[in-house]
Amino acid sequence: MSDIQARLREIARRLLTEGHVRVFIGFGPGFEANRPVPFFAADPDAADRLLLDEFCAAGLARYVLEEVREGPVGLVARGCDGLGLERLLADHRVAREQLYVVGVSCRGVVDPDRACAAAGEEVRAARVNGETVTLITPTAERSFPRSACLLDKCLRCQDPTPRIADVLLGEAIPPGERDLAHVDAVERMPSDERYRFWARQFERCLRCLACRQVCPACNCVSCSLDRPEWLERGTGLAEQFMFHFTRAYHVAGRCVACGECERACPAGIPLGLLNDKFMKDLRDLFGVAAPHRPGDVEPLGKFCPDDPEGWHEGGEGT
Amino acid sequence: MRFLPATALPRWLERLRGDGATVWAPVDEDGVVVLRPWEGQPIASRYVNPLNSLKDVLLPRTETILEFEGRPTDLAVREPAPPQSQVVFGTRPCDAAAMELNDRVFLEGTFVDEGFRRRRETTTVLTVACTVAGPHCFCRAVGGSPTAPRGSDLVLHPVENGYLPEAPTSRGEKALRAASDLVEDVEHPDPREAGRTVAMPLAERIALDGLAARLRDHFEHPCWDAISRRCHSCGLCTFVCPTCYCFAVFDSLRVTRGRRQRGWDSCQFKDFLLMAGGHNPRPTRKHRVRQRFLHKLCYFPEAYGEYQCVGCGRCVAGCPVGLHLPAVVDELGEVLG
Ligand code: SF4
Ligand code: SF4
Ligand code: SF4
Ligand code: SF4
Ligand code: SF4
């Protein structure tokens with residue numbers, strides 16, 4: 001990654017020096033060495049603090065929404081960031097010419113807690129090579145399977161390379177087909193059991209809204225989840241179901257499977273599973289090959305004038 | 001010294017439950033350890049801190065303040081039933097200490113919060129001391145310890161095959177009486193000492209000395225722009241925090257019946273201070289993030305003489321972008337000296 005990191009810094013420095021962008025969004029050092037944090041380089045010298053390694057976990061697309069208000073924005077984008085940006089573009093929340101996207105192919109991000117559990121001690125550095133991940137600790141260097149080290153969102157990712165880069169650093173990795181088989185197990189549950197499963201998940205919800213705040217599809221100017229006429233503020237089971245159904249339905253067909261909601265959730269609620277259920281239904285009902293890639297056919301994201309059901313102003317039925 | 005065998009634990013909790021109390025205990029739910037009303041399910045053993053802190057028990061996510069029925073001109077108002085007694089097992093010393101910080105806010109001074117007081121007085125906190133600290137723990141840096149009794153009614157010090165109970169309050173002593181036939185007498189050195197040797201690397205990295213005064217002098221410091229820029233304005237850090245206590249009051253209505261409730265609110269939400277008429281005194285992330293950290297590290301110490309953080313590590317583990325208390329203290333240390 002270090003060669004790519006050097007080129008990234010060089011490009012960011014040039015963009016900032018020449019005034020093409022007002023800020024360049026990437027990662028910078030965090031408090032813990034294995035938890036880099038989103039970093040906003042606002043002057044050419046700050047570009048030298050940008051870093052890119054196997055621990056850069058947070059999604060960056062969502063930041064663009066606020067940052068473009070003050071001028072054009074440059075950013076580094078992995079596959080998931082790229083899909084997030086595509087979402088914002090398809091929703092007309094930002095314009096393409098406001099963005100300069102430096103694409104990188106991503107082989108998966110190491111979850112420092114999971115890696116620590118696998119290695120038995122603090123992990124200082126890591127290398128992701130295909131199906132194995134080499135973890136470097138103060139005392140050893142050992143390899144583990146991907147599933148023991150990477151973030152959940154990365155284990156299911158099929159879009160390692162962004163599709164909308166202005167420049168791509170390194171090789172492109174071709175996209176794959178999203179595996180939605182994990183939805184089957186929930187679909188097969190008897191309905192009582194399925195209800196209990198989701199009730200148990202949703203009961204844990206703190207309603208902290210981290211899932212919404214990190215989500216590139218949750219880009220509405222005003223959100224129904226903030227409005228008491230749509231969602232009462234209580235945290236009883238009825239409100240919890242209402243909250244989660246509303247969120248899931250509102251991103252259905254627009255979710256790009258970036259996995260940020262699930263990564264952010266402190267309560268370990270399998271939001272990815274819920275999103276993937278909708279994804280699977282979209283695929284099976286509408287024949288959309290990859291419902292999480294914006295710009296392809298969007299069965300729920302677009303109104304067609306020749307829609308057989310027509311348009312009903314004010315919600316009157318036919 | 002008294003000794004409670006681990007095998008006697010369910011029987012003891014069952015007796016406390018039999019006395020009519022709701023017993024809370026940490027249970028493993030789909031890989032997440034959560035404090036839940038306990039009805040005999042297996043109690044989690046390997047955890048640092050449950051997802052929800054004692055705050056969830058003493059200042060619930062939502063609670064009813066009053067119920068009403070009728071028309072605006074003819075309204076009957078009822079107080080909800082008083083809280084039932086509760087016993088919380090398995091809380092950690094940091095969370096117990098956090099409740100003493102909340103006591104100061106809700107119970108000290110001229111205004112006493114009745115809802116909080118009633119819950120507090122009917123709740124018995126049975127803490128299990130820590131023998132290991134998690135990677136995110138730093139209680140020692142904020143005056144705590146993995147074996148400290150502050151805020152607990154009973155501290156259970158884990159030893160091989162059981163616990164050594166220490167009862168700082170009469171409520172704790174009373175709870176232990178329900179186990180009098182299960183408890184044995186043993187010889188053992190002071191179990192609190194064990195807390196001194198628990199390794200806690202994070203605590204060593206945090207320097208808080210004199211920070212409150214420096215923050216007061218640098219309210220307008222430009223560092224707040226840089227520090228807050230990555231914040232997503234969610235409520236995660238404040239909702240997981242045992243010492244954050246802000247709440248909102250709201251009504252829910254069903255035609256002629258309704259409830260006035262209060263529930264957690266977060267200073268990190270954009271509309272937290274939004275006024276009727278549209279004015280928002282903390283309109284940007286900078287204002288909100290600064291508020292959170294100044295409250296914990298400056299205003300609270302000025303009012304009560306201690307930081308509003310017990311080092312439980314939940315914000316460290318939880319913030320999706322690493323904007324947690326130790327990180328911010330570190331960044332402030334660099335810019336303010
Ligand atoms: S992030 Fe998790 S806990 Fe927070 S509101 Fe979303 S689902 Fe609930
Ligand atoms: S719902 Fe979750 S996975 Fe889908 S776009 Fe939003 S954050 Fe990403
Ligand atoms: S912060 Fe201290 S008291 Fe709290 S869980 Fe960690 S070691 Fe235990
Ligand atoms: S500091 Fe982190 S957890 Fe808190 S509001 Fe900001 S992003 Fe959310
Ligand atoms: S600020 Fe963070 S570490 Fe301190 S008590 Fe709150 S959640 Fe725990």
# chains A, B, ... in the order shown; residues from 1 in each chain; ligands from 1
>>> interface_residues(of="chain A", to="chain B", cutoff="10 Å", atoms="only C-alpha atoms", output="count of residues only")
54
>>> residues_near_ligand(ligand="ligand 2", cutoff="10 Å", atoms="only C-alpha atoms and all ligand atoms", output="PyMOL selection string")
chain A and resi 59+61-62+80-81+83-84+87+153+210-219+247-264+271-276+279+292
>>> write_last_selection(atoms="N, CA and C atoms", output="CSV table (one decimal), in the first residue's frame")
chain,number,residue,atom,x,y,z
A,59,GLY,N,-16.4,4.7,6.1
A,59,GLY,CA,-16.8,5.1,4.8
A,59,GLY,C,-16.6,6.6,4.7
A,61,ALA,N,-17.8,8.5,1.8
A,61,ALA,CA,-18.8,9.2,0.9
A,61,ALA,C,-19.7,10.2,1.5
A,62,ARG,N,-20.2,9.8,2.7
A,62,ARG,CA,-21.2,10.6,3.4
A,62,ARG,C,-20.6,12.1,3.7
A,80,CYS,N,-16.5,0.6,-1.9
A,80,CYS,CA,-17.7,1.0,-1.1
A,80,CYS,C,-17.9,2.5,-1.1
A,81,ASP,N,-16.8,3.2,-1.0
A,81,ASP,CA,-16.9,4.7,-1.1
A,81,ASP,C,-17.4,5.1,-2.4
A,83,LEU,N,-19.4,3.4,-4.5
A,83,LEU,CA,-20.8,3.2,-4.6
A,83,LEU,C,-21.6,4.3,-3.8
A,84,GLY,N,-21.1,4.7,-2.7
A,84,GLY,CA,-21.7,5.7,-1.9
A,84,GLY,C,-21.8,7.0,-2.7
A,87,ARG,N,-24.4,6.9,-5.2
A,87,ARG,CA,-25.7,7.1,-4.6
A,87,ARG,C,-26.0,8.6,-4.5
A,153,LYS,N,-18.4,-6.2,6.7
A,153,LYS,CA,-18.8,-5.6,5.4
A,153,LYS,C,-17.8,-6.0,4.3
A,210,ALA,N,-26.8,6.3,14.6
A,210,ALA,CA,-25.5,6.2,13.9
A,210,ALA,C,-25.7,5.6,12.5
A,211,CYS,N,-26.6,4.6,12.4
A,211,CYS,CA,-26.8,3.9,11.2
A,211,CYS,C,-27.3,4.9,10.1
A,212,ARG,N,-28.1,5.8,10.5
A,212,ARG,CA,-28.5,6.8,9.5
A,212,ARG,C,-27.5,7.8,9.2
A,213,GLN,N,-26.8,8.3,10.2
A,213,GLN,CA,-25.8,9.4,10.0
A,213,GLN,C,-24.6,9.0,9.1
A,214,VAL,N,-24.3,7.7,9.1
A,214,VAL,CA,-23.1,7.3,8.3
A,214,VAL,C,-23.5,6.9,6.9
A,215,CYS,N,-24.8,6.8,6.6
A,215,CYS,CA,-25.3,6.1,5.4
A,215,CYS,C,-25.4,7.1,4.2
A,216,PRO,N,-24.8,6.7,3.1
A,216,PRO,CA,-24.8,7.6,1.9
A,216,PRO,C,-26.2,7.6,1.3
A,217,ALA,N,-27.0,6.6,1.6
A,217,ALA,CA,-28.4,6.6,1.0
A,217,ALA,C,-29.3,7.4,1.9
A,218,CYS,N,-29.0,7.5,3.2
A,218,CYS,CA,-29.8,8.4,4.1
A,218,CYS,C,-29.4,9.8,3.9
A,219,ASN,N,-29.6,10.4,2.7
A,219,ASN,CA,-29.1,11.7,2.4
A,219,ASN,C,-30.2,12.7,2.4
A,247,ARG,N,-36.6,2.7,8.2
A,247,ARG,CA,-35.2,2.9,7.7
A,247,ARG,C,-35.0,1.9,6.6
A,248,ALA,N,-35.3,0.7,6.8
A,248,ALA,CA,-35.0,-0.3,5.8
A,248,ALA,C,-35.8,-0.1,4.5
A,249,TYR,N,-37.1,0.3,4.6
A,249,TYR,CA,-37.9,0.6,3.4
A,249,TYR,C,-37.4,1.8,2.7
A,250,HIS,N,-36.9,2.8,3.4
A,250,HIS,CA,-36.4,4.0,2.8
A,250,HIS,C,-35.1,3.8,2.1
A,251,VAL,N,-34.3,2.8,2.4
A,251,VAL,CA,-33.1,2.6,1.7
A,251,VAL,C,-33.3,1.4,0.7
A,252,ALA,N,-34.4,0.8,0.7
A,252,ALA,CA,-34.6,-0.4,-0.2
A,252,ALA,C,-34.5,0.1,-1.6
A,253,GLY,N,-33.7,-0.5,-2.4
A,253,GLY,CA,-33.5,-0.1,-3.8
A,253,GLY,C,-32.5,1.0,-3.9
A,254,ARG,N,-32.1,1.6,-2.8
A,254,ARG,CA,-31.1,2.6,-2.9
A,254,ARG,C,-29.8,2.3,-2.1
A,255,CYS,N,-30.0,1.3,-1.2
A,255,CYS,CA,-28.8,0.9,-0.4
A,255,CYS,C,-27.7,0.4,-1.3
A,256,VAL,N,-26.5,0.8,-1.1
A,256,VAL,CA,-25.4,0.4,-2.0
A,256,VAL,C,-24.5,-0.7,-1.3
A,257,ALA,N,-25.0,-1.2,-0.2
A,257,ALA,CA,-24.3,-2.3,0.5
A,257,ALA,C,-22.9,-2.0,0.9
A,258,CYS,N,-22.7,-0.7,1.3
A,258,CYS,CA,-21.4,-0.3,1.7
A,258,CYS,C,-21.1,-0.8,3.1
A,259,GLY,N,-22.2,-1.2,3.9
A,259,GLY,CA,-22.0,-1.9,5.2
A,259,GLY,C,-21.7,-0.9,6.3
A,260,GLU,N,-21.7,0.4,6.0
A,260,GLU,CA,-21.4,1.3,7.1
A,260,GLU,C,-22.3,1.3,8.3
A,261,CYS,N,-23.6,1.1,8.0
A,261,CYS,CA,-24.6,1.1,9.1
A,261,CYS,C,-24.3,0.0,10.1
A,262,GLU,N,-24.0,-1.2,9.5
A,262,GLU,CA,-23.8,-2.3,10.4
A,262,GLU,C,-22.5,-2.1,11.2
A,263,ARG,N,-21.5,-1.6,10.5
A,263,ARG,CA,-20.2,-1.3,11.1
A,263,ARG,C,-20.4,-0.3,12.3
A,264,ALA,N,-21.2,0.7,12.1
A,264,ALA,CA,-21.4,1.7,13.1
A,264,ALA,C,-22.2,1.3,14.2
A,271,LEU,N,-28.0,-5.2,10.5
A,271,LEU,CA,-28.6,-4.3,9.6
A,271,LEU,C,-28.3,-4.7,8.1
A,272,GLY,N,-27.2,-5.3,7.9
A,272,GLY,CA,-26.8,-5.8,6.6
A,272,GLY,C,-27.7,-6.9,6.2
A,273,LEU,N,-28.1,-7.7,7.1
A,273,LEU,CA,-29.0,-8.9,6.8
A,273,LEU,C,-30.3,-8.3,6.4
A,274,LEU,N,-30.8,-7.3,7.1
A,274,LEU,CA,-32.1,-6.7,6.7
A,274,LEU,C,-32.0,-6.1,5.3
A,275,ASN,N,-31.0,-5.3,5.1
A,275,ASN,CA,-30.8,-4.7,3.8
A,275,ASN,C,-30.7,-5.7,2.7
A,276,ASP,N,-30.0,-6.8,3.0
A,276,ASP,CA,-29.8,-7.8,2.0
A,276,ASP,C,-31.1,-8.6,1.7
A,279,MET,N,-32.6,-6.5,-0.8
A,279,MET,CA,-31.8,-6.6,-2.0
A,279,MET,C,-32.2,-7.9,-2.8
A,292,HIS,N,-27.6,-3.2,-5.8
A,292,HIS,CA,-26.9,-2.2,-5.0
A,292,HIS,C,-26.0,-1.3,-5.8
>>> residues_near_ligand(ligand="ligand 5", cutoff="6 Å", atoms="only C-alpha atoms and all ligand atoms", output="ChimeraX atom specification")
/B:240-243,309-315,325
>>> write_last_selection(atoms="C-alpha atoms", output="tab-separated table (two decimals), in the first residue's frame")
chain	number	residue	atom	x	y	z
B	240	VAL	CA	-23.64	4.42	25.36
B	241	CYS	CA	-22.07	6.70	27.97
B	242	PRO	CA	-23.15	5.93	31.54
B	243	THR	CA	-22.57	9.52	32.65
B	309	CYS	CA	-16.18	10.33	32.67
B	310	VAL	CA	-15.52	7.04	34.41
B	311	GLY	CA	-13.33	5.52	31.70
B	312	CYS	CA	-15.72	2.73	30.77
B	313	GLY	CA	-14.41	2.77	27.21
B	314	ARG	CA	-17.77	2.54	25.46
B	315	CYS	CA	-17.22	5.66	23.36
B	325	LEU	CA	-12.73	10.87	24.91
>>> residues_around(residues="Ala6 (chain A)", least_positions_apart="5", cutoff="12 Å", atoms="only C-alpha atoms", output="VMD selection string")
chain A and resid 1 11 to 13 47 to 53 169
>>> closest_atom_pairs(of="chain B", to="ligand 3", cutoff="8 Å", atoms="only C-alpha atoms and all ligand atoms", output="JSON lines")
{"residue": "B:Val48", "atom": "CA", "partner": "ligand 3", "partner_atom_place_in_ligand_line": "5 (S)", "distance": 5.1}
{"residue": "B:Asn49", "atom": "CA", "partner": "ligand 3", "partner_atom_place_in_ligand_line": "5 (S)", "distance": 5.4}
{"residue": "B:Arg92", "atom": "CA", "partner": "ligand 3", "partner_atom_place_in_ligand_line": "3 (S)", "distance": 5.3}
{"residue": "B:Pro93", "atom": "CA", "partner": "ligand 3", "partner_atom_place_in_ligand_line": "3 (S)", "distance": 4.3}
{"residue": "B:Cys94", "atom": "CA", "partner": "ligand 3", "partner_atom_place_in_ligand_line": "4 (Fe)", "distance": 4.1}
{"residue": "B:Asp95", "atom": "CA", "partner": "ligand 3", "partner_atom_place_in_ligand_line": "4 (Fe)", "distance": 6.7}
{"residue": "B:Ala129", "atom": "CA", "partner": "ligand 3", "partner_atom_place_in_ligand_line": "8 (Fe)", "distance": 6.7}
{"residue": "B:Cys130", "atom": "CA", "partner": "ligand 3", "partner_atom_place_in_ligand_line": "8 (Fe)", "distance": 4.7}
{"residue": "B:Thr131", "atom": "CA", "partner": "ligand 3", "partner_atom_place_in_ligand_line": "7 (S)", "distance": 7.5}
{"residue": "B:Val132", "atom": "CA", "partner": "ligand 3", "partner_atom_place_in_ligand_line": "7 (S)", "distance": 6.2}
{"residue": "B:Ala133", "atom": "CA", "partner": "ligand 3", "partner_atom_place_in_ligand_line": "7 (S)", "distance": 3.9}
{"residue": "B:Gly134", "atom": "CA", "partner": "ligand 3", "partner_atom_place_in_ligand_line": "6 (Fe)", "distance": 5.7}
{"residue": "B:His136", "atom": "CA", "partner": "ligand 3", "partner_atom_place_in_ligand_line": "6 (Fe)", "distance": 7.3}
{"residue": "B:Cys137", "atom": "CA", "partner": "ligand 3", "partner_atom_place_in_ligand_line": "1 (S)", "distance": 4.1}
{"residue": "B:Phe138", "atom": "CA", "partner": "ligand 3", "partner_atom_place_in_ligand_line": "1 (S)", "distance": 5.1}
{"residue": "B:Cys139", "atom": "CA", "partner": "ligand 3", "partner_atom_place_in_ligand_line": "1 (S)", "distance": 4.2}
{"residue": "B:Arg140", "atom": "CA", "partner": "ligand 3", "partner_atom_place_in_ligand_line": "2 (Fe)", "distance": 6.7}
{"residue": "B:Gly144", "atom": "CA", "partner": "ligand 3", "partner_atom_place_in_ligand_line": "2 (Fe)", "distance": 6.8}
{"residue": "B:Ser145", "atom": "CA", "partner": "ligand 3", "partner_atom_place_in_ligand_line": "2 (Fe)", "distance": 5.5}
{"residue": "B:Pro146", "atom": "CA", "partner": "ligand 3", "partner_atom_place_in_ligand_line": "3 (S)", "distance": 4.0}
{"residue": "B:Thr147", "atom": "CA", "partner": "ligand 3", "partner_atom_place_in_ligand_line": "3 (S)", "distance": 6.8}
{"residue": "B:Ala148", "atom": "CA", "partner": "ligand 3", "partner_atom_place_in_ligand_line": "3 (S)", "distance": 7.5}
{"residue": "B:Val198", "atom": "CA", "partner": "ligand 3", "partner_atom_place_in_ligand_line": "7 (S)", "distance": 7.7}
{"residue": "B:Met200", "atom": "CA", "partner": "ligand 3", "partner_atom_place_in_ligand_line": "7 (S)", "distance": 7.4}
{"residue": "B:Val310", "atom": "CA", "partner": "ligand 3", "partner_atom_place_in_ligand_line": "1 (S)", "distance": 6.9}
{"residue": "B:Gly311", "atom": "CA", "partner": "ligand 3", "partner_atom_place_in_ligand_line": "1 (S)", "distance": 5.0}
{"residue": "B:Cys312", "atom": "CA", "partner": "ligand 3", "partner_atom_place_in_ligand_line": "1 (S)", "distance": 4.0}
{"residue": "B:Gly313", "atom": "CA", "partner": "ligand 3", "partner_atom_place_in_ligand_line": "1 (S)", "distance": 6.3}
>>> select_by_dssp(residues="region 171-303 of chain A", states="helix (DSSP H, G or I)", output="PyMOL selection string")
chain A and resi 182-188+191-203+210-213+224-226+237-251+260-264+271-286
>>> residues_around(residues="region 72-89 of chain B", least_positions_apart="6", cutoff="8 Å", atoms="only C-alpha atoms", output="PyMOL selection string")
chain B and resi 16+20-26+64-66+118-119+122-128
>>> write_last_selection(atoms="all heavy atoms", output="short mmCIF file (atom, residue, chain, number, x, y, z; two decimals), in the first residue's frame")
data_model
loop_
_atom_site.label_atom_id
_atom_site.label_comp_id
_atom_site.auth_asym_id
_atom_site.auth_seq_id
_atom_site.Cartn_x
_atom_site.Cartn_y
_atom_site.Cartn_z
N LEU B 16 -33.62 -13.41 45.21
CA LEU B 16 -33.84 -11.96 45.15
C LEU B 16 -35.03 -11.66 44.25
O LEU B 16 -35.83 -10.76 44.50
CB LEU B 16 -32.58 -11.26 44.63
CG LEU B 16 -31.35 -11.33 45.55
CD1 LEU B 16 -30.12 -10.80 44.85
CD2 LEU B 16 -31.61 -10.55 46.84
N GLY B 20 -39.66 -10.32 44.81
CA GLY B 20 -40.45 -9.35 44.06
C GLY B 20 -39.65 -8.34 43.27
O GLY B 20 -40.20 -7.47 42.62
N ALA B 21 -38.32 -8.45 43.33
CA ALA B 21 -37.49 -7.49 42.59
C ALA B 21 -37.30 -7.95 41.16
O ALA B 21 -37.27 -9.14 40.88
CB ALA B 21 -36.14 -7.34 43.28
N THR B 22 -37.17 -6.97 40.25
CA THR B 22 -36.71 -7.30 38.90
C THR B 22 -35.20 -7.45 38.99
O THR B 22 -34.52 -6.54 39.47
CB THR B 22 -37.03 -6.15 37.92
OG1 THR B 22 -38.43 -5.92 37.96
CG2 THR B 22 -36.59 -6.49 36.50
N VAL B 23 -34.69 -8.59 38.59
CA VAL B 23 -33.25 -8.80 38.62
C VAL B 23 -32.71 -8.60 37.20
O VAL B 23 -33.25 -9.15 36.25
CB VAL B 23 -32.89 -10.22 39.13
CG1 VAL B 23 -31.41 -10.50 38.97
CG2 VAL B 23 -33.31 -10.37 40.59
N TRP B 24 -31.69 -7.78 37.07
CA TRP B 24 -31.04 -7.58 35.77
C TRP B 24 -29.70 -8.30 35.80
O TRP B 24 -29.03 -8.31 36.83
CB TRP B 24 -30.77 -6.10 35.51
CG TRP B 24 -31.98 -5.23 35.40
CD1 TRP B 24 -32.82 -4.88 36.41
CD2 TRP B 24 -32.49 -4.60 34.21
NE1 TRP B 24 -33.82 -4.05 35.92
CE2 TRP B 24 -33.63 -3.87 34.57
CE3 TRP B 24 -32.07 -4.57 32.88
CZ2 TRP B 24 -34.37 -3.12 33.66
CZ3 TRP B 24 -32.80 -3.83 31.97
CH2 TRP B 24 -33.95 -3.12 32.36
N ALA B 25 -29.34 -8.88 34.67
CA ALA B 25 -28.03 -9.54 34.60
C ALA B 25 -27.53 -9.48 33.16
O ALA B 25 -28.32 -9.38 32.23
CB ALA B 25 -28.15 -10.99 35.06
N PRO B 26 -26.21 -9.55 33.00
CA PRO B 26 -25.67 -9.53 31.63
C PRO B 26 -25.88 -10.88 30.96
O PRO B 26 -25.50 -11.91 31.51
CB PRO B 26 -24.17 -9.25 31.85
CG PRO B 26 -23.89 -9.68 33.25
CD PRO B 26 -25.17 -9.57 34.02
N THR B 64 -42.47 6.80 31.47
CA THR B 64 -43.66 7.61 31.54
C THR B 64 -43.61 8.49 32.78
O THR B 64 -43.33 8.01 33.88
CB THR B 64 -44.91 6.70 31.59
OG1 THR B 64 -44.88 5.91 30.39
CG2 THR B 64 -46.18 7.51 31.64
N ILE B 65 -43.83 9.79 32.58
CA ILE B 65 -43.85 10.72 33.72
C ILE B 65 -45.27 10.86 34.24
O ILE B 65 -45.52 10.91 35.42
CB ILE B 65 -43.34 12.11 33.31
CG1 ILE B 65 -42.00 12.03 32.60
CG2 ILE B 65 -43.24 13.02 34.52
CD1 ILE B 65 -41.57 13.36 32.01
N LEU B 66 -46.22 10.98 33.31
CA LEU B 66 -47.62 11.01 33.73
C LEU B 66 -48.52 10.54 32.59
O LEU B 66 -48.11 10.52 31.42
CB LEU B 66 -48.04 12.40 34.22
CG LEU B 66 -47.75 13.62 33.35
CD1 LEU B 66 -48.90 13.88 32.39
CD2 LEU B 66 -47.58 14.84 34.26
N ARG B 118 -36.50 8.00 42.94
CA ARG B 118 -37.27 6.80 43.31
C ARG B 118 -36.64 5.53 42.75
O ARG B 118 -36.58 4.50 43.41
CB ARG B 118 -38.71 6.95 42.83
CG ARG B 118 -39.49 7.94 43.70
CD ARG B 118 -40.95 7.76 43.55
NE ARG B 118 -41.40 8.31 42.27
CZ ARG B 118 -42.68 8.35 41.91
NH1 ARG B 118 -43.61 7.89 42.71
NH2 ARG B 118 -43.02 8.86 40.74
N ARG B 119 -36.15 5.63 41.54
CA ARG B 119 -35.48 4.45 40.95
C ARG B 119 -34.21 4.12 41.71
O ARG B 119 -33.92 2.97 42.01
CB ARG B 119 -35.14 4.70 39.49
CG ARG B 119 -36.27 4.39 38.58
CD ARG B 119 -35.79 3.77 37.28
NE ARG B 119 -36.95 3.24 36.58
CZ ARG B 119 -37.90 4.02 36.08
NH1 ARG B 119 -37.83 5.33 36.21
NH2 ARG B 119 -38.93 3.48 35.47
N THR B 122 -34.72 2.38 44.96
CA THR B 122 -35.27 1.03 44.93
C THR B 122 -34.37 0.08 44.13
O THR B 122 -34.77 -1.03 43.81
CB THR B 122 -36.67 1.03 44.31
OG1 THR B 122 -36.63 1.78 43.09
CG2 THR B 122 -37.70 1.64 45.23
N THR B 123 -33.16 0.54 43.81
CA THR B 123 -32.26 -0.30 43.02
C THR B 123 -31.04 -0.70 43.83
O THR B 123 -30.42 0.14 44.49
CB THR B 123 -31.80 0.45 41.75
OG1 THR B 123 -32.96 0.85 41.01
CG2 THR B 123 -30.92 -0.42 40.87
N THR B 124 -30.71 -1.97 43.80
CA THR B 124 -29.51 -2.48 44.46
C THR B 124 -28.50 -2.85 43.39
O THR B 124 -28.82 -3.61 42.47
CB THR B 124 -29.86 -3.73 45.31
OG1 THR B 124 -30.95 -3.38 46.18
CG2 THR B 124 -28.68 -4.18 46.13
N VAL B 125 -27.30 -2.29 43.52
CA VAL B 125 -26.27 -2.50 42.49
C VAL B 125 -25.26 -3.53 42.97
O VAL B 125 -24.51 -3.28 43.92
CB VAL B 125 -25.58 -1.16 42.14
CG1 VAL B 125 -24.47 -1.37 41.12
CG2 VAL B 125 -26.60 -0.14 41.63
N LEU B 126 -25.27 -4.70 42.34
CA LEU B 126 -24.34 -5.77 42.69
C LEU B 126 -23.24 -5.80 41.63
O LEU B 126 -23.41 -6.35 40.55
CB LEU B 126 -25.05 -7.13 42.72
CG LEU B 126 -26.38 -7.21 43.49
CD1 LEU B 126 -26.94 -8.63 43.40
CD2 LEU B 126 -26.19 -6.81 44.95
N THR B 127 -22.13 -5.18 41.94
CA THR B 127 -21.04 -5.04 40.98
C THR B 127 -20.13 -6.25 41.00
O THR B 127 -19.88 -6.81 42.07
CB THR B 127 -20.25 -3.77 41.34
OG1 THR B 127 -21.13 -2.66 41.25
CG2 THR B 127 -19.05 -3.57 40.44
N VAL B 128 -19.67 -6.65 39.85
CA VAL B 128 -18.63 -7.67 39.79
C VAL B 128 -17.32 -6.97 39.41
O VAL B 128 -17.23 -6.36 38.34
CB VAL B 128 -18.97 -8.79 38.78
CG1 VAL B 128 -17.81 -9.78 38.67
CG2 VAL B 128 -20.24 -9.52 39.20
#
